[in-house]
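> Here you go, this is final_0.cif (mmCIF, C-alpha atoms and all ligand atoms).
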```
data_model
#
loop_
_atom_site.label_atom_id
_atom_site.label_comp_id
_atom_site.auth_asym_id
_atom_site.auth_seq_id
_atom_site.Cartn_x
_atom_site.Cartn_y
_atom_site.Cartn_z
CA MET A 1 -34.38 -23.27 21.33
CA VAL A 2 -31.66 -23.36 23.99
CA CYS A 3 -31.82 -26.16 26.53
CA LYS A 4 -29.82 -25.63 29.67
CA LEU A 5 -27.52 -28.59 30.19
CA LYS A 6 -27.47 -30.28 33.54
CA ILE A 7 -24.11 -29.19 34.83
CA ASP A 8 -22.17 -30.96 37.50
CA THR A 9 -21.15 -27.77 39.31
CA LYS A 10 -19.09 -29.45 42.00
CA HIS A 11 -16.95 -31.05 39.33
CA SER A 12 -16.58 -27.73 37.47
CA VAL A 13 -15.68 -25.73 40.55
CA GLU A 14 -12.98 -28.25 41.46
CA ARG A 15 -11.51 -27.99 37.97
CA PHE A 16 -11.40 -24.21 38.04
CA LYS A 17 -9.71 -24.16 41.43
CA GLU A 18 -6.90 -26.18 39.95
CA ASN A 19 -6.57 -23.56 37.24
CA ARG A 20 -6.97 -20.43 39.32
CA LEU A 21 -3.43 -19.20 38.94
CA HIS A 22 -3.67 -18.47 35.25
CA ARG A 23 -6.17 -17.71 32.56
CA PRO A 24 -7.93 -20.83 31.18
CA ALA A 25 -6.34 -20.19 27.80
CA TYR A 26 -2.59 -20.65 27.75
CA LEU A 27 0.49 -21.71 25.85
CA GLU A 28 2.40 -24.71 27.08
CA ILE A 29 6.08 -24.40 26.20
CA ASP A 30 8.02 -27.63 26.53
CA LEU A 31 11.55 -26.54 27.42
CA LYS A 32 12.80 -30.15 27.55
CA ARG A 33 11.88 -30.53 23.91
CA LEU A 34 13.51 -27.19 23.10
CA ALA A 35 16.71 -28.37 24.78
CA GLN A 36 16.67 -31.63 22.82
CA ASN A 37 15.93 -29.86 19.52
CA THR A 38 18.87 -27.53 20.15
CA LYS A 39 21.17 -30.46 20.89
CA ASN A 40 20.03 -32.31 17.77
CA ILE A 41 20.66 -29.28 15.57
CA LYS A 42 24.02 -28.48 17.14
CA GLY A 43 25.03 -32.12 16.82
CA ALA A 44 24.38 -32.05 13.08
CA LEU A 45 26.54 -28.98 12.47
CA GLY A 46 29.98 -30.22 13.40
CA THR A 47 32.36 -28.49 15.76
CA ASN A 48 33.43 -25.55 13.59
CA VAL A 49 29.96 -24.19 12.92
CA GLY A 50 28.37 -21.82 15.43
CA LEU A 51 24.66 -21.80 16.18
CA LEU A 52 22.92 -18.45 16.35
CA SER A 53 19.43 -18.98 17.72
CA VAL A 54 16.85 -16.68 16.26
CA VAL A 55 14.70 -15.45 19.15
CA LYS A 56 13.06 -12.47 17.45
CA ALA A 57 9.31 -11.95 17.81
CA ASP A 58 9.42 -13.20 21.40
CA ALA A 59 11.16 -16.37 20.19
CA TYR A 60 8.43 -16.98 17.60
CA GLY A 61 5.84 -16.67 20.37
CA HIS A 62 7.59 -19.00 22.84
CA GLY A 63 9.03 -16.36 25.18
CA ALA A 64 12.43 -14.89 24.28
CA TYR A 65 14.01 -14.93 27.72
CA GLU A 66 13.15 -18.52 28.67
CA VAL A 67 14.04 -19.79 25.20
CA SER A 68 17.35 -17.91 25.19
CA ARG A 69 18.40 -19.44 28.47
CA VAL A 70 17.64 -22.97 27.30
CA VAL A 71 19.24 -22.73 23.86
CA LEU A 72 22.40 -21.15 25.28
CA GLU A 73 22.70 -24.00 27.76
CA ASN A 74 22.31 -26.58 25.01
CA GLY A 75 24.62 -25.56 22.20
CA ALA A 76 23.72 -22.11 20.88
CA ASP A 77 26.47 -19.49 21.16
CA SER A 78 24.61 -16.33 20.17
CA LEU A 79 21.12 -14.92 19.67
CA GLY A 80 19.35 -13.02 16.91
CA VAL A 81 16.58 -10.47 17.39
CA ALA A 82 14.82 -8.23 14.87
CA ILE A 83 14.67 -4.93 16.72
CA LEU A 84 16.46 -2.99 19.41
CA GLU A 85 13.70 -3.42 22.01
CA GLU A 86 13.97 -7.20 21.80
CA GLY A 87 17.69 -6.98 22.49
CA ILE A 88 17.15 -4.63 25.42
CA GLU A 89 14.62 -7.04 26.96
CA LEU A 90 17.14 -9.88 26.89
CA ARG A 91 19.90 -7.76 28.42
CA GLU A 92 17.62 -6.38 31.14
CA ARG A 93 16.70 -9.93 32.10
CA GLY A 94 20.34 -10.88 32.42
CA ILE A 95 21.25 -12.56 29.13
CA ASP A 96 24.88 -11.71 28.39
CA ALA A 97 25.56 -13.82 25.27
CA PRO A 98 26.20 -11.99 21.97
CA VAL A 99 22.93 -10.59 20.57
CA VAL A 100 22.72 -9.57 16.92
CA ILE A 101 19.98 -7.24 15.70
CA LEU A 102 19.36 -9.01 12.40
CA TYR A 103 17.56 -6.10 10.72
CA PRO A 104 19.01 -2.65 10.07
CA GLU A 105 18.08 -0.22 12.81
CA PHE A 106 16.94 3.33 12.22
CA TYR A 107 19.39 6.22 12.35
CA GLY A 108 19.36 7.78 15.79
CA ARG A 109 19.00 4.54 17.77
CA GLU A 110 22.75 3.99 18.14
CA GLU A 111 22.91 5.10 21.77
CA LYS A 112 20.84 2.22 23.14
CA ILE A 113 22.40 -0.31 20.77
CA LEU A 114 25.78 0.52 22.26
CA GLU A 115 24.56 0.96 25.81
CA TYR A 116 23.17 -2.60 25.79
CA TYR A 117 26.15 -4.15 23.96
CA LEU A 118 24.05 -5.29 21.02
CA ARG A 119 25.52 -6.06 17.59
CA PRO A 120 23.81 -4.03 14.88
CA THR A 121 23.39 -4.87 11.22
CA VAL A 122 25.05 -2.34 8.96
CA THR A 123 23.95 -1.80 5.39
CA ASP A 124 25.52 1.61 4.66
CA PHE A 125 28.51 3.69 5.63
CA ASP A 126 26.55 6.54 7.27
CA PHE A 127 25.11 4.19 9.85
CA ALA A 128 28.53 2.65 10.49
CA ARG A 129 29.95 6.14 11.04
CA MET A 130 27.17 7.05 13.46
CA ILE A 131 27.74 3.81 15.35
CA SER A 132 31.44 4.59 15.53
CA GLU A 133 30.83 8.11 16.88
CA GLU A 134 28.46 6.83 19.54
CA ALA A 135 30.85 4.01 20.47
CA LYS A 136 33.61 6.58 20.91
CA LYS A 137 31.37 8.63 23.23
CA GLN A 138 30.69 5.53 25.32
CA GLY A 139 34.34 4.43 25.25
CA LYS A 140 33.54 1.23 23.40
CA VAL A 141 34.29 -0.57 20.16
CA ALA A 142 31.06 -1.60 18.42
CA GLU A 143 30.92 -5.07 16.91
CA VAL A 144 28.81 -4.93 13.75
CA TYR A 145 27.49 -7.29 11.10
CA LEU A 146 27.38 -6.37 7.43
CA LYS A 147 24.38 -7.61 5.53
CA ILE A 148 24.68 -8.36 1.84
CA ASP A 149 21.77 -8.94 -0.46
CA THR A 150 22.56 -11.99 -2.57
CA GLY A 151 19.06 -12.27 -4.03
CA MET A 152 16.45 -11.80 -1.32
CA GLY A 153 15.72 -8.22 -2.45
CA ARG A 154 14.82 -7.00 1.04
CA TYR A 155 17.76 -4.97 2.32
CA GLY A 156 21.54 -5.09 2.32
CA ILE A 157 24.41 -3.95 0.18
CA SER A 158 25.09 -5.66 -3.11
CA PRO A 159 28.00 -8.12 -3.18
CA GLU A 160 29.76 -5.74 -5.60
CA GLU A 161 29.76 -2.95 -2.99
CA LEU A 162 31.12 -5.09 -0.18
CA LEU A 163 34.84 -4.61 -0.68
CA ALA A 164 34.61 -0.80 -0.86
CA LEU A 165 32.36 -0.62 2.22
CA VAL A 166 34.61 -2.88 4.28
CA LYS A 167 37.65 -0.75 3.38
CA LYS A 168 35.86 2.42 4.50
CA ILE A 169 34.57 0.87 7.72
CA ASP A 170 38.05 -0.44 8.50
CA HIS A 171 39.10 3.19 8.87
CA LEU A 172 36.53 3.87 11.57
CA GLU A 173 38.23 3.76 14.94
CA ASN A 174 35.40 2.47 17.08
CA VAL A 175 33.82 -0.16 14.85
CA LYS A 176 34.90 -3.73 14.34
CA ILE A 177 33.31 -5.85 11.64
CA LYS A 178 32.39 -9.02 13.48
CA GLY A 179 30.42 -10.82 10.81
CA ILE A 180 28.99 -10.82 7.32
CA PHE A 181 25.67 -12.39 6.58
CA SER A 182 23.01 -12.82 3.94
CA GLN A 183 19.53 -14.36 3.84
CA LEU A 184 18.23 -17.08 1.51
CA SER A 185 14.93 -16.33 -0.17
CA GLU A 186 13.77 -19.85 -1.00
CA ALA A 187 15.71 -22.67 0.54
CA GLU A 188 12.55 -24.50 1.61
CA GLY A 189 11.37 -25.58 -1.86
CA GLY A 190 12.37 -28.75 -3.68
CA ASP A 191 14.25 -26.76 -6.31
CA LYS A 192 17.53 -25.52 -4.83
CA GLU A 193 18.71 -23.51 -7.86
CA ASN A 194 18.09 -20.08 -6.33
CA ALA A 195 19.55 -20.99 -2.97
CA THR A 196 22.64 -22.46 -4.60
CA GLU A 197 23.06 -19.31 -6.66
CA GLN A 198 22.80 -17.13 -3.53
CA ILE A 199 25.34 -19.28 -1.70
CA GLY A 200 27.69 -18.93 -4.68
CA LYS A 201 27.35 -15.13 -4.67
CA PHE A 202 27.98 -15.04 -0.94
CA GLN A 203 31.09 -17.17 -1.30
CA LYS A 204 32.42 -15.00 -4.13
CA ALA A 205 31.87 -11.81 -2.14
CA LEU A 206 33.79 -13.27 0.81
CA VAL A 207 36.73 -14.27 -1.38
CA LYS A 208 37.19 -10.59 -2.26
CA LEU A 209 37.93 -9.83 1.39
CA LYS A 210 40.79 -12.29 1.50
CA PHE A 211 43.55 -9.68 1.56
CA LEU A 212 41.92 -7.36 4.07
CA ASN A 213 42.90 -9.15 7.21
CA HIS A 214 39.42 -10.30 8.18
CA ASP A 215 40.18 -13.95 8.77
CA GLY A 216 38.15 -14.43 11.93
CA LEU A 217 34.91 -13.10 10.45
CA ILE A 218 31.62 -14.80 11.21
CA ARG A 219 30.12 -15.85 7.86
CA SER A 220 26.48 -16.83 7.84
CA ILE A 221 23.74 -17.48 5.29
CA ALA A 222 21.92 -20.66 6.39
CA ASN A 223 18.44 -20.65 7.98
CA SER A 224 16.45 -23.72 9.11
CA ALA A 225 15.70 -24.96 5.61
CA ALA A 226 19.34 -24.70 4.56
CA VAL A 227 20.50 -26.41 7.74
CA LEU A 228 18.34 -29.40 6.80
CA ASP A 229 19.25 -29.78 3.16
CA LEU A 230 22.19 -27.58 2.18
CA PRO A 231 25.29 -28.34 4.25
CA GLU A 232 27.38 -26.27 1.82
CA SER A 233 25.58 -23.21 3.23
CA TYR A 234 26.88 -23.63 6.78
CA PHE A 235 30.11 -21.55 6.51
CA ASN A 236 31.07 -20.94 10.15
CA GLN A 237 27.66 -19.99 11.56
CA VAL A 238 24.04 -20.93 10.90
CA ARG A 239 21.04 -18.89 12.07
CA VAL A 240 18.19 -21.11 13.12
CA GLY A 241 14.68 -20.18 14.20
CA LEU A 242 11.80 -22.43 13.22
CA LEU A 243 13.64 -25.74 13.56
CA LEU A 244 14.51 -24.99 17.19
CA TYR A 245 10.81 -24.66 17.90
CA GLY A 246 10.28 -28.14 16.50
CA LEU A 247 8.73 -27.28 13.14
CA TYR A 248 9.90 -27.81 9.56
CA PRO A 249 9.79 -24.92 7.07
CA SER A 250 8.10 -27.10 4.42
CA LYS A 251 7.10 -30.64 3.58
CA GLU A 252 9.54 -30.65 0.68
CA LEU A 253 12.54 -30.72 3.00
CA SER A 254 14.18 -33.81 4.42
CA ASN A 255 13.82 -34.26 8.14
CA SER A 256 17.49 -35.10 8.42
CA ILE A 257 17.46 -33.47 11.86
CA LYS A 258 14.74 -34.71 14.20
CA VAL A 259 12.85 -32.10 16.18
CA LYS A 260 9.55 -32.03 18.04
CA PRO A 261 7.09 -29.12 18.47
CA VAL A 262 7.71 -27.05 21.57
CA MET A 263 4.46 -25.04 21.71
CA SER A 264 0.96 -26.26 22.56
CA LEU A 265 -2.10 -24.06 22.90
CA LYS A 266 -4.67 -25.15 25.44
CA SER A 267 -7.84 -23.84 26.93
CA ARG A 268 -10.81 -25.09 28.91
CA VAL A 269 -14.50 -25.42 28.20
CA LEU A 270 -16.07 -22.26 29.62
CA PHE A 271 -19.74 -22.80 28.80
CA LEU A 272 -21.86 -25.69 27.53
CA LYS A 273 -25.32 -25.72 26.05
CA GLU A 274 -27.54 -27.83 23.88
CA VAL A 275 -29.44 -26.24 21.01
CA GLY A 276 -31.97 -27.57 18.55
CA LYS A 277 -31.53 -28.02 14.80
CA GLY A 278 -31.52 -24.70 12.89
CA SER A 279 -29.92 -22.57 15.65
CA PRO A 280 -27.55 -19.80 14.53
CA ILE A 281 -24.15 -19.79 16.24
CA GLY A 282 -22.02 -16.67 16.72
CA TYR A 283 -21.63 -13.41 14.79
CA GLY A 284 -23.65 -13.15 11.60
CA GLY A 285 -25.19 -16.56 12.25
CA ALA A 286 -22.39 -17.85 10.04
CA TYR A 287 -23.15 -21.38 11.20
CA VAL A 288 -26.60 -22.87 11.63
CA THR A 289 -26.87 -26.21 13.42
CA LYS A 290 -27.86 -29.16 11.27
CA ARG A 291 -29.00 -31.31 14.18
CA LYS A 292 -29.60 -31.09 17.88
CA THR A 293 -26.14 -29.90 18.89
CA LYS A 294 -24.09 -29.67 22.05
CA VAL A 295 -22.07 -26.46 21.85
CA ALA A 296 -18.98 -25.61 23.93
CA THR A 297 -17.64 -22.08 24.21
CA ILE A 298 -13.86 -21.75 24.42
CA PRO A 299 -12.48 -18.55 26.00
CA LEU A 300 -9.90 -17.26 23.55
CA GLY A 301 -10.10 -15.68 20.15
CA TYR A 302 -8.35 -13.83 17.38
CA ALA A 303 -7.01 -11.19 19.80
CA ASP A 304 -4.93 -14.04 21.23
CA GLY A 305 -3.46 -14.91 17.85
CA TYR A 306 -5.93 -17.72 17.07
CA PRO A 307 -6.68 -17.06 13.39
CA ARG A 308 -10.14 -15.77 12.52
CA LEU A 309 -9.82 -17.70 9.25
CA LEU A 310 -10.45 -20.86 11.29
CA SER A 311 -14.11 -19.81 11.47
CA ASN A 312 -16.26 -22.79 10.43
CA LYS A 313 -13.07 -24.61 9.42
CA GLY A 314 -10.71 -25.69 12.17
CA GLU A 315 -10.92 -28.37 14.82
CA VAL A 316 -9.90 -28.75 18.45
CA LEU A 317 -9.26 -31.84 20.58
CA ILE A 318 -11.28 -32.65 23.67
CA HIS A 319 -10.75 -35.98 25.46
CA GLY A 320 -8.63 -37.02 22.47
CA LYS A 321 -11.56 -36.49 20.08
CA LYS A 322 -11.82 -33.95 17.30
CA ALA A 323 -14.50 -31.29 17.69
CA PRO A 324 -15.18 -28.91 14.78
CA ILE A 325 -15.23 -25.12 15.16
CA ILE A 326 -18.69 -23.76 14.39
CA GLY A 327 -19.40 -20.12 13.60
CA ARG A 328 -16.97 -17.25 13.47
CA ILE A 329 -13.97 -16.93 15.76
CA CYS A 330 -14.69 -13.87 17.94
CA MET A 331 -12.10 -11.58 19.47
CA ASP A 332 -12.13 -13.44 22.78
CA ALA A 333 -14.04 -16.69 22.29
CA PHE A 334 -15.29 -19.29 19.81
CA MET A 335 -17.65 -22.22 19.74
CA VAL A 336 -17.17 -25.90 18.92
CA ASP A 337 -19.58 -28.74 18.27
CA VAL A 338 -19.07 -31.30 21.05
CA THR A 339 -22.10 -33.46 20.31
CA ASP A 340 -19.79 -36.40 19.63
CA VAL A 341 -17.83 -35.94 22.85
CA PRO A 342 -20.53 -37.02 25.32
CA GLU A 343 -18.17 -37.00 28.31
CA VAL A 344 -17.39 -33.27 27.95
CA ARG A 345 -17.78 -31.08 31.06
CA ILE A 346 -17.19 -27.44 31.90
CA GLY A 347 -13.51 -27.03 32.78
CA ASP A 348 -12.27 -29.84 30.53
CA VAL A 349 -8.98 -29.18 28.77
CA VAL A 350 -9.26 -28.26 25.10
CA THR A 351 -6.19 -28.63 22.88
CA LEU A 352 -6.06 -26.15 20.02
CA LEU A 353 -2.46 -26.89 19.08
CA GLY A 354 -0.61 -29.95 20.28
CA GLU A 355 -1.33 -33.51 21.34
CA ASP A 356 -4.16 -35.10 23.27
CA LYS A 357 -4.40 -38.87 23.82
CA GLY A 358 -2.50 -39.82 20.67
CA LYS A 359 -4.21 -37.29 18.38
CA GLU A 360 -2.51 -34.07 17.31
CA ILE A 361 -3.30 -30.69 15.82
CA THR A 362 -0.12 -29.24 14.35
CA ALA A 363 0.89 -25.69 13.46
CA ASP A 364 0.83 -26.95 9.86
CA ASP A 365 -2.84 -27.96 10.28
CA LEU A 366 -3.72 -24.51 11.63
CA ALA A 367 -1.72 -22.93 8.80
CA PHE A 368 -3.47 -25.07 6.18
CA TRP A 369 -6.96 -24.26 7.50
CA SER A 370 -6.20 -20.55 7.68
CA SER A 371 -4.16 -20.14 4.44
CA SER A 372 -1.04 -19.25 6.35
CA ILE A 373 2.35 -20.72 7.26
CA ASN A 374 3.48 -22.36 10.49
CA TYR A 375 5.87 -19.42 11.14
CA GLU A 376 2.94 -17.02 11.31
CA ILE A 377 0.77 -19.32 13.42
CA ILE A 378 3.27 -19.65 16.27
CA SER A 379 4.76 -16.16 16.18
CA ARG A 380 1.35 -14.49 16.42
CA MET A 381 0.27 -16.31 19.55
CA GLY A 382 -0.38 -13.22 21.59
CA ARG A 383 1.24 -11.85 24.68
CA ARG A 384 -2.20 -12.01 26.33
CA LEU A 385 -1.83 -15.78 26.63
CA PRO A 386 0.02 -16.86 29.75
CA LYS A 387 2.88 -19.26 29.13
CA VAL A 388 3.24 -22.39 31.19
CA TYR A 389 6.80 -23.69 30.94
CA LEU A 390 7.37 -27.45 31.19
CA ARG A 391 10.87 -27.97 32.55
C1 LIG B 1 17.88 -12.66 9.02
C2 LIG B 1 17.29 -13.95 9.45
N1 LIG B 1 18.10 -14.99 9.72
C3 LIG B 1 17.61 -16.18 10.11
C4 LIG B 1 16.25 -16.40 10.24
C5 LIG B 1 15.77 -17.76 10.69
O1 LIG B 1 14.94 -18.39 9.76
P1 LIG B 1 14.27 -19.79 10.12
O2 LIG B 1 13.24 -19.52 11.15
O3 LIG B 1 13.70 -20.26 8.84
O4 LIG B 1 15.36 -20.67 10.63
C6 LIG B 1 15.37 -15.36 9.95
C7 LIG B 1 13.93 -15.58 10.05
O5 LIG B 1 13.10 -15.04 9.42
C8 LIG B 1 15.90 -14.10 9.55
O6 LIG B 1 15.10 -13.07 9.28
#
```
As C-alpha cells, how would this structure be written, given the file I've shared?
Ligand SMILES: Cc1ncc(COP(=O)(O)O)c(C=O)c1O

Amino acid sequence: MVCKLKIDTKHSVERFKENRLHRPAYLEIDLKRLAQNTKNIKGALGTNVGLLSVVKADAYGHGAYEVSRVVLENGADSLGVAILEEGIELRERGIDAPVVILYPEFYGREEKILEYYLRPTVTDFDFARMISEEAKKQGKVAEVYLKIDTGMGRYGISPEELLALVKKIDHLENVKIKGIFSQLSEAEGGDKENATEQIGKFQKALVKLKFLNHDGLIRSIANSAAVLDLPESYFNQVRVGLLLYGLYPSKELSNSIKVKPVMSLKSRVLFLKEVGKGSPIGYGGAYVTKRKTKVATIPLGYADGYPRLLSNKGEVLIHGKKAPIIGRICMDAFMVDVTDVPEVRIGDVVTLLGEDKGKEITADDLAFWSSSINYEIISRMGRRLPKVYLR
C-alpha cells in the first residue's frame, strides 16, 4: 500500500528554483582543496624534483581543464594524459604547459600529436621514426618519452634494450628524447620488495646512458604511493594522480603528506512516499520493506558512474544522518530508506560522497561496498553529472 505523503509544495518549489541552473545530481569539486593538496605534495618533494600532474580520464573525473589550471598555478610543471584526445582537449582550451601522453599511441596518430605539441611515449623504434618523419613535415622537433618496463608487464621496452634504442633514436633528426619513465606495479602495499626491485632496475638502466650525452633527461618512476613512502623513487620527476585529488592509494601507506578529498557527489530528494511493511522496492523487488517505510527517490544512477553494486548495500547522508540504499540502483535513479530522517523534504540535499554535518561518506567507503578501489569510484563519475567548482 502506497500512502501519499503530505508534501509542503511551496517549500519544494522554492528549493528547486535555487537549483534550476543545473541538474539536481552533481559533482562538487573543491578547487581550494586541490590547490592546497598540490602545494603540500610539491612542498614534500624538494626543489629539484618536478611534479607531473596526472590528469588523464578527465582528471580522474574532476574535470581535466579546471584541474590543470589549478595544479599548474600551485606547483605542478607538466601534465600527463592517457590518450591523444585528452591532450587535444587541454590544448584547445588554452593549456600550454608540457603534456605527456603516458600511454603509447597507435601508429598513424603522429600528425595530431605533433600538431598539438604533445609529448608521446615511445616504446619502439618504428614509432620514433614515424614521429620524426611527421615532425620534419611540420618543421618541428618532437620531444618524446621512452617507457621502460621494469616489472609492471604492461608495455615498454626492457631495460636491456634501452641503450640500443636510445642510440638509434639519437640518429633521428627530428626527435629529442626528453624523458625516460617506468611505472611501479605495487608500491601501495606494506611490502616494498617489488617496488624497490623496480627502482633498482630503473636506476641501473639509466646508468647505462651515462656516456650518451643525455644529462638533462627527465627521469620518473614514482606515483602517489611511492611519493608517500619511497623517497628514493623521486629521481627528478614524480607523476602524481590520486594524491592530488585528496585520496590515498591504500590504508597501508603512511599519510606523510596531508591531503583532503576534492570531489563530493550530491543530489536532491526527487520524490517521497510512505509504504507499508512488505512492499517491494525497485527492479526485481530486490528489497522488501520490513516495516512501514518512508522512501526517497534520488535522481541519479549507474549511468552516472554510481556503482550498481551499491544496490541494497550503500548509504547516503541526508541532514547529516545516514540513510541506507534499498533495492537495486537503476540507470538513472535509486531509492533510500529515510524513515529515520523525519525532517526530510523534497529538494533536500543528499550527499552520496563527501561530508554532511560532521559525517562523511568517502570514496573508500563506496569502493568497499562495491568491491572496487577509490581510483575507479572517482574516475567513473560520468560526464552526465554537472560539475560545480568551489573556488
Ligand atoms: C603511467 C602513469 N603514471 C602515473 C600514474 C599516477 O598514479 P597515481 O594516481 O597512483 O598517482 C598513473 C596512473 O595510473 C599512470 O598510469
> So, with all atoms listed in the file as the atoms that count, which of A:Leu118, A:Leu242, A:Val349, A:Ala303 lies closest to A:Glu376?
A:Leu242
> Of the candidates A:Leu184, A:Leu212, A:Met130, A:Ile329, which one gets nearest to A:Arg239 if we count all atoms listed in the file?
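Ranked by minimum distance to A:Arg239, first place goes to A:Leu184.
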> Distance table requested - chain A against ligand LIG 1 (chain B), cut-off 9 Å, all atoms listed in the file: one row per qualifying residue with the closest atom pair and its distance in Å to one decimal, ordered by chain and rising residue number, as a Markdown table.

```
| residue | atom | partner | partner_atom | distance |
| --- | --- | --- | --- | --- |
| A:Leu52 | CA | B:LIG1 | C3 | 8.5 |
| A:Ser53 | CA | B:LIG1 | C5 | 8.0 |
| A:Val54 | CA | B:LIG1 | C5 | 5.8 |
| A:Val55 | CA | B:LIG1 | C5 | 8.8 |
| A:Lys56 | CA | B:LIG1 | C7 | 8.1 |
| A:Tyr60 | CA | B:LIG1 | O2 | 8.4 |
| A:Gly80 | CA | B:LIG1 | N1 | 7.6 |
| A:Val81 | CA | B:LIG1 | O6 | 8.6 |
| A:Ala82 | CA | B:LIG1 | O6 | 7.4 |
| A:Ile101 | CA | B:LIG1 | C1 | 8.9 |
| A:Leu102 | CA | B:LIG1 | C1 | 5.2 |
| A:Tyr103 | CA | B:LIG1 | C1 | 6.8 |
| A:Lys147 | CA | B:LIG1 | C1 | 8.9 |
| A:Phe181 | CA | B:LIG1 | C1 | 8.2 |
| A:Ser182 | CA | B:LIG1 | C1 | 7.2 |
| A:Gln183 | CA | B:LIG1 | C1 | 5.7 |
| A:Leu184 | CA | B:LIG1 | N1 | 8.5 |
| A:Ala187 | CA | B:LIG1 | O3 | 8.9 |
| A:Glu188 | CA | B:LIG1 | O3 | 8.5 |
| A:Ser220 | CA | B:LIG1 | N1 | 8.8 |
| A:Ile221 | CA | B:LIG1 | N1 | 7.6 |
| A:Ala222 | CA | B:LIG1 | C3 | 7.2 |
| A:Asn223 | CA | B:LIG1 | O4 | 4.1 |
| A:Ser224 | CA | B:LIG1 | O4 | 3.6 |
| A:Ala225 | CA | B:LIG1 | O3 | 6.0 |
| A:Ala226 | CA | B:LIG1 | O4 | 8.3 |
| A:Val227 | CA | B:LIG1 | O4 | 8.2 |
| A:Val238 | CA | B:LIG1 | C3 | 8.0 |
| A:Arg239 | CA | B:LIG1 | C3 | 4.8 |
| A:Val240 | CA | B:LIG1 | O4 | 3.8 |
| A:Gly241 | CA | B:LIG1 | O2 | 3.4 |
| A:Leu242 | CA | B:LIG1 | O2 | 3.9 |
| A:Leu243 | CA | B:LIG1 | O4 | 6.1 |
| A:Leu244 | CA | B:LIG1 | O4 | 7.9 |
| A:Tyr245 | CA | B:LIG1 | O2 | 8.8 |
| A:Tyr248 | CA | B:LIG1 | O3 | 8.5 |
| A:Pro249 | CA | B:LIG1 | O3 | 6.3 |
| A:Tyr375 | CA | B:LIG1 | O2 | 7.4 |
```
> Do you know which residues are at most 12 Å from stretch 380-382 of chain A counting only C-alpha atoms, after dropping those on the same chain fewer than 3 positions away, and could you put them as a PyMOL selection string?
chain A and resi 25-29+56-63+263-266+300-307+332+352-353+363+367+372-377+385-387
> Report as a list in words all protein, DNA and RNA residues lying within 9 Å of A:Leu206, evaluated on only C-alpha atoms, omitting residues in the same chain fewer than 6 positions from it.
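Using only C-alpha atoms, the neighbours found are Pro159, Leu162, Leu163, Ile180 and Arg219 of chain A.
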> Between atom CA of A:Asp364 and atom CA of A:Thr339, what is the spacing in Å?
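Atom CA of A:Thr339 sits 26.0 Å away from atom CA of A:Asp364.
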> Mind giving me the straight-line distance from atom CA of A:Ile361 to atom CA of A:Pro324 in Å, one decimal?
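Here the two named atoms are 12.1 Å from each other.
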> Just to confirm, what's the straight-line distance from atom CA of A:Ile257 to atom CA of A:Asp229 in Å (one decimal)?
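Interatomic distance, atom CA of A:Ile257 to atom CA of A:Asp229: 9.6 Å.
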> So that I can see what lies close to A:Val338, please list as a VMD selection string the residues with an atom at most 6 Å from it, counting all atoms listed in the file and leaving out residues fewer than 6 positions away in the same chain.
chain A and resid 294 to 295 323
> Taking only C-alpha atoms into account, name the residue in A:Ala195, A:Val336, A:Leu165, A:Val122 that is nearest to A:Pro231.
A:Ala195
> Which polymer residues have any atom within 9 Å of an atom of A:Thr196, counting all atoms listed in the file, with same-chain residues fewer than 6 positions away left out, as a PyMOL selection string?
chain A and resi 187+230+232-233
> For A:Arg328, find every residue with an atom within 10 Å (counting only C-alpha atoms), except residues of its own chain fewer than 4 positions away, and show them as a PyMOL selection string.
chain A and resi 281-287+301+308-313+333-335
> Give, as AutoDock Vina command-line options, the centre coordinates and the x, y and z edge lengths in Å to one decimal for an axis-aligned box around all listed atoms of stretch 162-178 of chain A, padded by 8 Å on each side.

```
--center_x 35.1 --center_y -2.6 --center_z 8.1 --size_x 24.0 --size_y 28.9 --size_z 33.9
```
> Measuring atom to atom with all atoms listed in the file, identify which of A:Asn174, A:Ser370, A:Thr123, A:Ser158 is nearest to A:Lys140.
A:Asn174
